[in-house]
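K.L.:
One structure, as structure tokens, below. Some questions next.
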Amino acid sequence: MRIFLLFIGIVSAMIGIKFIYDARPIVKDFFSFGDKNDATLGLKLFGFLLVIIGGILLYFNF
């Protein structure tokens, strides 16, 4: 169970970092919103939350 939580923490942190740094190209490729700035902001906030959750899982797993 401990290895599973470690893996989930690492993966969620990596996906969150990917969402933060590549939010605009992801929004441009996958979504067809009229206002891309709102979608980019939402994706960056979601990525930030994923990084926080992954960091908490990693911190309490060690």
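Just remember, in the structure tokens the first chain shown is A, the second B, etc., residues are 1-based per chain, and ligands are 1-based in the order shown.
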Neighbours of region 45-48 of chain A within 12 Å (only C-alpha atoms; same-chain residues fewer than 4 positions away dropped), as a ChimeraX atom specification?

P.N.:
/A:11-23,38-41,52-55

K.L.:
Would you put the residues from that selection into a file with C-alpha atoms, as a PDB file, in the first residue's frame?

P.N.:
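File written: selection35.pdb
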ATOM      1  CA  VAL A  11       2.464  10.669 -10.868  1.00  0.00           C
ATOM      2  CA  SER A  12       0.053  13.346  -9.657  1.00  0.00           C
ATOM      3  CA  ALA A  13       2.911  15.775  -9.000  1.00  0.00           C
ATOM      4  CA  MET A  14       4.363  15.161 -12.469  1.00  0.00           C
ATOM      5  CA  ILE A  15       1.000  15.627 -14.180  1.00  0.00           C
ATOM      6  CA  GLY A  16       0.407  18.793 -12.168  1.00  0.00           C
ATOM      7  CA  ILE A  17       3.750  20.249 -13.224  1.00  0.00           C
ATOM      8  CA  LYS A  18       2.984  19.376 -16.845  1.00  0.00           C
ATOM      9  CA  PHE A  19      -0.385  21.158 -16.574  1.00  0.00           C
ATOM     10  CA  ILE A  20       1.217  24.257 -15.067  1.00  0.00           C
ATOM     11  CA  TYR A  21       3.976  24.686 -17.625  1.00  0.00           C
ATOM     12  CA  ASP A  22       2.140  23.572 -20.767  1.00  0.00           C
ATOM     13  CA  ALA A  23      -1.347  24.904 -20.049  1.00  0.00           C
ATOM     14  CA  ASP A  38      -9.930  31.388 -18.594  1.00  0.00           C
ATOM     15  CA  ALA A  39      -9.305  27.806 -19.642  1.00  0.00           C
ATOM     16  CA  THR A  40      -5.554  28.263 -19.203  1.00  0.00           C
ATOM     17  CA  LEU A  41      -6.060  29.702 -15.728  1.00  0.00           C
ATOM     18  CA  ILE A  52      -0.082  20.004  -3.663  1.00  0.00           C
ATOM     19  CA  ILE A  53      -1.902  16.662  -3.344  1.00  0.00           C
ATOM     20  CA  GLY A  54       1.080  14.754  -4.750  1.00  0.00           C
ATOM     21  CA  GLY A  55       3.447  16.565  -2.408  1.00  0.00           C
TER      22      GLY A  55
END

K.L.:
Expressed in Å to a single decimal, how great is the separation between CA of Phe62 (chain A) and CA of Leu50 (chain A)?

P.N.:
18.7 Å

K.L.:
Could you jot down the CA of Ile8 (chain A) to CA of Leu58 (chain A) separation for me, Å, one decimal place?

P.N.:
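Interatomic distance, CA of Ile8 (chain A) to CA of Leu58 (chain A): 8.8 Å.
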
K.L.:
Which of region 29-59 of chain A counts as alpha helix (DSSP H) under DSSP, as number ranges by chain please?

P.N.:
A: 29-30, 36-59

K.L.:
Could those selected residues go to a file with C-alpha atoms, as a CSV table (one decimal), in the first residue's frame?

P.N.:
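Saved as result_9.csv:
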chain,number,residue,atom,x,y,z
A,29,ASP,CA,-5.0,21.5,-28.8
A,30,PHE,CA,-7.8,19.9,-26.9
A,36,LYS,CA,-8.6,30.6,-23.9
A,37,ASN,CA,-7.2,32.7,-21.0
A,38,ASP,CA,-9.9,31.4,-18.6
A,39,ALA,CA,-9.3,27.8,-19.6
A,40,THR,CA,-5.6,28.3,-19.2
A,41,LEU,CA,-6.1,29.7,-15.7
A,42,GLY,CA,-8.3,26.8,-14.8
A,43,LEU,CA,-5.8,24.2,-16.0
A,44,LYS,CA,-3.0,25.9,-14.1
A,45,LEU,CA,-5.1,26.0,-10.9
A,46,PHE,CA,-5.9,22.3,-11.4
A,47,GLY,CA,-2.2,21.5,-11.9
A,48,PHE,CA,-1.3,23.4,-8.8
A,49,LEU,CA,-3.8,21.4,-6.8
A,50,LEU,CA,-2.4,18.2,-8.2
A,51,VAL,CA,1.1,19.2,-7.2
A,52,ILE,CA,-0.1,20.0,-3.7
A,53,ILE,CA,-1.9,16.7,-3.3
A,54,GLY,CA,1.1,14.8,-4.8
A,55,GLY,CA,3.4,16.6,-2.4
A,56,ILE,CA,1.3,15.8,0.6
A,57,LEU,CA,1.2,12.1,-0.4
A,58,LEU,CA,4.9,12.0,-0.8
A,59,TYR,CA,5.6,13.9,2.5

K.L.:
Using CA of Ile26 (chain A) and CA of Phe4 (chain A) as the two end points, give the distance in Å to one decimal.

P.N.:
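Those two atoms sit 28.0 Å apart.
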